[in-house]
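These notes are about the structure you will find just below.
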Amino acid sequence: MTGGGVAASRPAAPMAHAVEISAVVHEGADGPRLRAEWTYARRLVPDHDARLLAEHWFRALEALVEHAGRPGAGGLTPSDVTLDSLSQSEIEEFESDLESEWEIEQ
C-alpha cells in the first residue's frame, strides 16, 4: 500500500463530504498497490487532523491485510451466497469439508 498523501483541498470544486478519498489499486512488479488521495475541506478539517486521519486509515488497512493473510482468517457469511436458507454453521461445515477434500487430493 502506498499512502498517496493528503491531496489538500479543492477550493473551486464543491465537495459532497468534509473528507473524500479516491482510491485505486495498480498492478506493479511487486504485486497490487493501493494508492489513495485524500481531499478535505480546510475550513472544516485542519491539515493536522486530515493527515492524522489518513495515517490511522492506512494503519487500519495494514492491520486488515495482516489479519487476512493469517491461516483461518476470512470465510463466507450467509450474505456471500445466493442460497438464503444456509446458516453460518452450515457454510462453515461446507468450507471444512472442502478443505479436507483439498488436503486429501494434494
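Letters for chains follow the order of the C-alpha cells (A, B, ...), residue numbers begin at 1 for each chain, and ligand numbers begin at 1 in the order shown.
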>> For the structure I just gave you, how does DSSP split chain A - specifically, which residues are helix (DSSP H, G or I)? Reply as a PyMOL selection string.
In response: chain A and resi 47-68+78-80+88-105
> DSSP says strand (DSSP E) for which residues of stretch 17-93 of chain A? Put them as a list in words?
Replying inline: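 DSSP on the backbone gives strand (DSSP E) at Val19, Glu20, Ile21, Ser22, Ala23, Val24, Val25, His26, Glu27, Gly28, Gly31, Pro32, Arg33, Leu34, Arg35, Ala36, Glu37, Trp38, Thr39 and Tyr40 of chain A.
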Dump all heavy atoms for the selected residues as a short mmCIF file (atom, residue, chain, number, x, y, z; two decimals), in the first residue's frame?
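Wrote it out as out.cif, contents follow:
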data_model
loop_
_atom_site.label_atom_id
_atom_site.label_comp_id
_atom_site.auth_asym_id
_atom_site.auth_seq_id
_atom_site.Cartn_x
_atom_site.Cartn_y
_atom_site.Cartn_z
N VAL A 19 -14.40 15.17 4.10
CA VAL A 19 -13.21 14.42 3.72
C VAL A 19 -13.63 13.42 2.64
O VAL A 19 -14.60 12.70 2.79
CB VAL A 19 -12.60 13.66 4.92
CG1 VAL A 19 -11.42 12.81 4.48
CG2 VAL A 19 -12.19 14.63 6.02
N GLU A 20 -12.88 13.40 1.54
CA GLU A 20 -13.17 12.46 0.46
C GLU A 20 -11.89 11.70 0.12
O GLU A 20 -10.81 12.26 0.14
CB GLU A 20 -13.68 13.20 -0.79
CG GLU A 20 -15.00 13.91 -0.53
CD GLU A 20 -15.51 14.70 -1.72
OE1 GLU A 20 -14.80 14.79 -2.74
OE2 GLU A 20 -16.63 15.23 -1.62
N ILE A 21 -12.06 10.41 -0.18
CA ILE A 21 -10.93 9.55 -0.52
C ILE A 21 -11.17 8.97 -1.90
O ILE A 21 -12.25 8.45 -2.19
CB ILE A 21 -10.79 8.38 0.48
CG1 ILE A 21 -10.67 8.89 1.90
CG2 ILE A 21 -9.58 7.52 0.12
CD1 ILE A 21 -10.79 7.80 2.94
N SER A 22 -10.17 9.08 -2.75
CA SER A 22 -10.20 8.45 -4.06
C SER A 22 -9.11 7.40 -4.05
O SER A 22 -7.93 7.72 -3.92
CB SER A 22 -9.94 9.49 -5.15
OG SER A 22 -9.86 8.86 -6.41
N ALA A 23 -9.50 6.12 -4.15
CA ALA A 23 -8.52 5.04 -4.05
C ALA A 23 -8.60 4.15 -5.27
O ALA A 23 -9.68 3.91 -5.82
CB ALA A 23 -8.77 4.23 -2.79
N VAL A 24 -7.43 3.65 -5.69
CA VAL A 24 -7.34 2.75 -6.83
C VAL A 24 -6.19 1.79 -6.58
O VAL A 24 -5.22 2.12 -5.91
CB VAL A 24 -7.14 3.54 -8.15
CG1 VAL A 24 -5.83 4.28 -8.17
CG2 VAL A 24 -7.28 2.64 -9.36
N VAL A 25 -6.33 0.57 -7.10
CA VAL A 25 -5.28 -0.42 -6.99
C VAL A 25 -4.61 -0.57 -8.36
O VAL A 25 -5.29 -0.73 -9.37
CB VAL A 25 -5.83 -1.79 -6.53
CG1 VAL A 25 -4.75 -2.85 -6.56
CG2 VAL A 25 -6.44 -1.66 -5.14
N HIS A 26 -3.28 -0.48 -8.37
CA HIS A 26 -2.49 -0.65 -9.59
C HIS A 26 -1.67 -1.92 -9.46
O HIS A 26 -1.10 -2.19 -8.40
CB HIS A 26 -1.52 0.53 -9.79
CG HIS A 26 -2.19 1.82 -10.04
ND1 HIS A 26 -2.68 2.17 -11.28
CD2 HIS A 26 -2.45 2.88 -9.23
CE1 HIS A 26 -3.22 3.37 -11.22
NE2 HIS A 26 -3.10 3.82 -9.98
N GLU A 27 -1.60 -2.69 -10.55
CA GLU A 27 -0.73 -3.86 -10.58
C GLU A 27 0.68 -3.39 -10.87
O GLU A 27 0.92 -2.67 -11.83
CB GLU A 27 -1.18 -4.85 -11.67
CG GLU A 27 -2.40 -5.65 -11.30
CD GLU A 27 -2.18 -6.61 -10.14
OE1 GLU A 27 -1.05 -7.09 -9.94
OE2 GLU A 27 -3.16 -6.87 -9.42
N GLY A 28 1.61 -3.80 -10.02
CA GLY A 28 3.00 -3.43 -10.22
C GLY A 28 3.89 -4.66 -10.22
O GLY A 28 3.40 -5.79 -10.09
N GLY A 31 3.40 -6.69 -7.22
CA GLY A 31 2.02 -7.05 -6.92
C GLY A 31 1.14 -5.82 -6.86
O GLY A 31 1.56 -4.72 -7.20
N PRO A 32 -0.10 -5.99 -6.41
CA PRO A 32 -1.03 -4.86 -6.38
C PRO A 32 -0.63 -3.82 -5.33
O PRO A 32 -0.13 -4.17 -4.26
CB PRO A 32 -2.37 -5.51 -6.03
CG PRO A 32 -2.06 -6.84 -5.47
CD PRO A 32 -0.71 -7.24 -5.98
N ARG A 33 -0.81 -2.56 -5.68
CA ARG A 33 -0.51 -1.44 -4.76
C ARG A 33 -1.72 -0.53 -4.70
O ARG A 33 -2.28 -0.15 -5.72
CB ARG A 33 0.68 -0.64 -5.27
CG ARG A 33 1.95 -1.42 -5.56
CD ARG A 33 2.79 -1.69 -4.39
NE ARG A 33 3.29 -0.46 -3.81
CZ ARG A 33 3.92 -0.42 -2.66
NH1 ARG A 33 4.10 -1.50 -1.97
NH2 ARG A 33 4.36 0.70 -2.17
N LEU A 34 -2.09 -0.18 -3.49
CA LEU A 34 -3.21 0.73 -3.28
C LEU A 34 -2.68 2.16 -3.24
O LEU A 34 -1.70 2.45 -2.56
CB LEU A 34 -3.90 0.41 -1.95
CG LEU A 34 -5.00 1.38 -1.52
CD1 LEU A 34 -6.18 1.32 -2.49
CD2 LEU A 34 -5.45 1.08 -0.11
N ARG A 35 -3.32 3.02 -3.99
CA ARG A 35 -2.98 4.45 -3.95
C ARG A 35 -4.24 5.20 -3.58
O ARG A 35 -5.30 4.98 -4.18
CB ARG A 35 -2.46 4.93 -5.29
CG ARG A 35 -2.25 6.43 -5.34
CD ARG A 35 -1.16 6.82 -6.29
NE ARG A 35 -1.03 8.26 -6.38
CZ ARG A 35 -0.26 8.99 -5.56
NH1 ARG A 35 0.43 8.41 -4.62
NH2 ARG A 35 -0.18 10.29 -5.72
N ALA A 36 -4.14 6.04 -2.59
CA ALA A 36 -5.29 6.80 -2.14
C ALA A 36 -4.94 8.28 -2.08
O ALA A 36 -3.88 8.65 -1.61
CB ALA A 36 -5.74 6.32 -0.76
N GLU A 37 -5.85 9.10 -2.59
CA GLU A 37 -5.70 10.55 -2.48
C GLU A 37 -6.82 11.07 -1.60
O GLU A 37 -7.97 10.70 -1.78
CB GLU A 37 -5.75 11.21 -3.85
CG GLU A 37 -4.52 10.97 -4.66
CD GLU A 37 -4.48 11.82 -5.91
OE1 GLU A 37 -5.36 12.67 -6.11
OE2 GLU A 37 -3.55 11.63 -6.69
N TRP A 38 -6.44 11.89 -0.68
CA TRP A 38 -7.37 12.47 0.27
C TRP A 38 -7.61 13.93 -0.09
O TRP A 38 -6.67 14.68 -0.32
CB TRP A 38 -6.79 12.40 1.67
CG TRP A 38 -6.70 11.00 2.19
CD1 TRP A 38 -5.93 9.99 1.71
CD2 TRP A 38 -7.44 10.47 3.27
NE1 TRP A 38 -6.13 8.86 2.43
CE2 TRP A 38 -7.04 9.11 3.41
CE3 TRP A 38 -8.37 11.00 4.16
CZ2 TRP A 38 -7.58 8.29 4.39
CZ3 TRP A 38 -8.90 10.18 5.13
CH2 TRP A 38 -8.50 8.83 5.23
N THR A 39 -8.85 14.31 -0.14
CA THR A 39 -9.23 15.70 -0.35
C THR A 39 -10.10 16.09 0.83
O THR A 39 -10.94 15.30 1.27
CB THR A 39 -10.01 15.85 -1.67
OG1 THR A 39 -9.24 15.27 -2.73
CG2 THR A 39 -10.27 17.31 -1.99
N TYR A 40 -9.91 17.28 1.33
CA TYR A 40 -10.69 17.68 2.51
C TYR A 40 -10.96 19.18 2.50
O TYR A 40 -10.26 19.96 1.85
CB TYR A 40 -9.97 17.28 3.79
CG TYR A 40 -8.59 17.87 3.94
CD1 TYR A 40 -8.38 19.00 4.74
CD2 TYR A 40 -7.49 17.32 3.28
CE1 TYR A 40 -7.13 19.55 4.88
CE2 TYR A 40 -6.23 17.88 3.41
CZ TYR A 40 -6.05 18.98 4.21
OH TYR A 40 -4.80 19.54 4.34
#
Show which residues sit within 10 Å of A:Pro78, as a short mmCIF file (atom, residue, chain, number, x, y, z; two decimals) with N, CA and C atoms, in the first residue's frame. Count only C-alpha atoms, and ignore same-chain residues fewer than 6 positions away.
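And here is the file that came out, selection_3.cif:
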data_model
loop_
_atom_site.label_atom_id
_atom_site.label_comp_id
_atom_site.auth_asym_id
_atom_site.auth_seq_id
_atom_site.Cartn_x
_atom_site.Cartn_y
_atom_site.Cartn_z
N ASP A 84 -30.44 -18.46 0.44
CA ASP A 84 -30.82 -17.78 1.68
C ASP A 84 -31.02 -18.75 2.84
N SER A 85 -31.20 -20.02 2.51
CA SER A 85 -31.51 -20.97 3.57
C SER A 85 -30.27 -21.51 4.29
N LEU A 86 -29.06 -21.13 3.86
CA LEU A 86 -27.85 -21.61 4.53
C LEU A 86 -27.54 -20.76 5.75
N SER A 87 -27.25 -21.43 6.85
CA SER A 87 -26.84 -20.72 8.07
C SER A 87 -25.32 -20.60 8.09
N GLN A 88 -24.80 -19.78 8.99
CA GLN A 88 -23.35 -19.63 9.11
C GLN A 88 -22.70 -20.96 9.45
N SER A 89 -23.28 -21.74 10.34
CA SER A 89 -22.68 -23.02 10.71
C SER A 89 -22.67 -24.00 9.53
N GLU A 90 -23.71 -23.97 8.69
CA GLU A 90 -23.73 -24.83 7.51
C GLU A 90 -22.65 -24.42 6.50
N ILE A 91 -22.45 -23.14 6.34
CA ILE A 91 -21.40 -22.64 5.45
C ILE A 91 -20.03 -23.09 5.97
#
Go through stretch 57-80 of chain A and flag each residue having an atom no more than 9 Å from stretch 92-96 of chain A; for those, report the closest pair of atoms plus their distance in Å to one decimal, using only C-alpha atoms, ordered by chain and rising number, as CSV.
residue,atom,partner,partner_atom,distance
A:Gly75,CA,A:Glu92,CA,7.8
A:Leu76,CA,A:Glu92,CA,7.7
A:Thr77,CA,A:Glu92,CA,8.6
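Separating atom CA of A:Pro46 from atom CA of A:Met15 is a distance of 15.7 Å.
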> What is the distance, in Å and to one decimal place, between atom CA of A:Phe58 and atom CA of A:Ser79?
Replying inline: 26.8 Å
>> For a test of reading the model, state the distance in Å between atom CA of A:Arg43 and atom CA of A:Pro14, rounded to one decimal.
In response: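 Rounded to one decimal, the two atoms are 12.8 Å apart.
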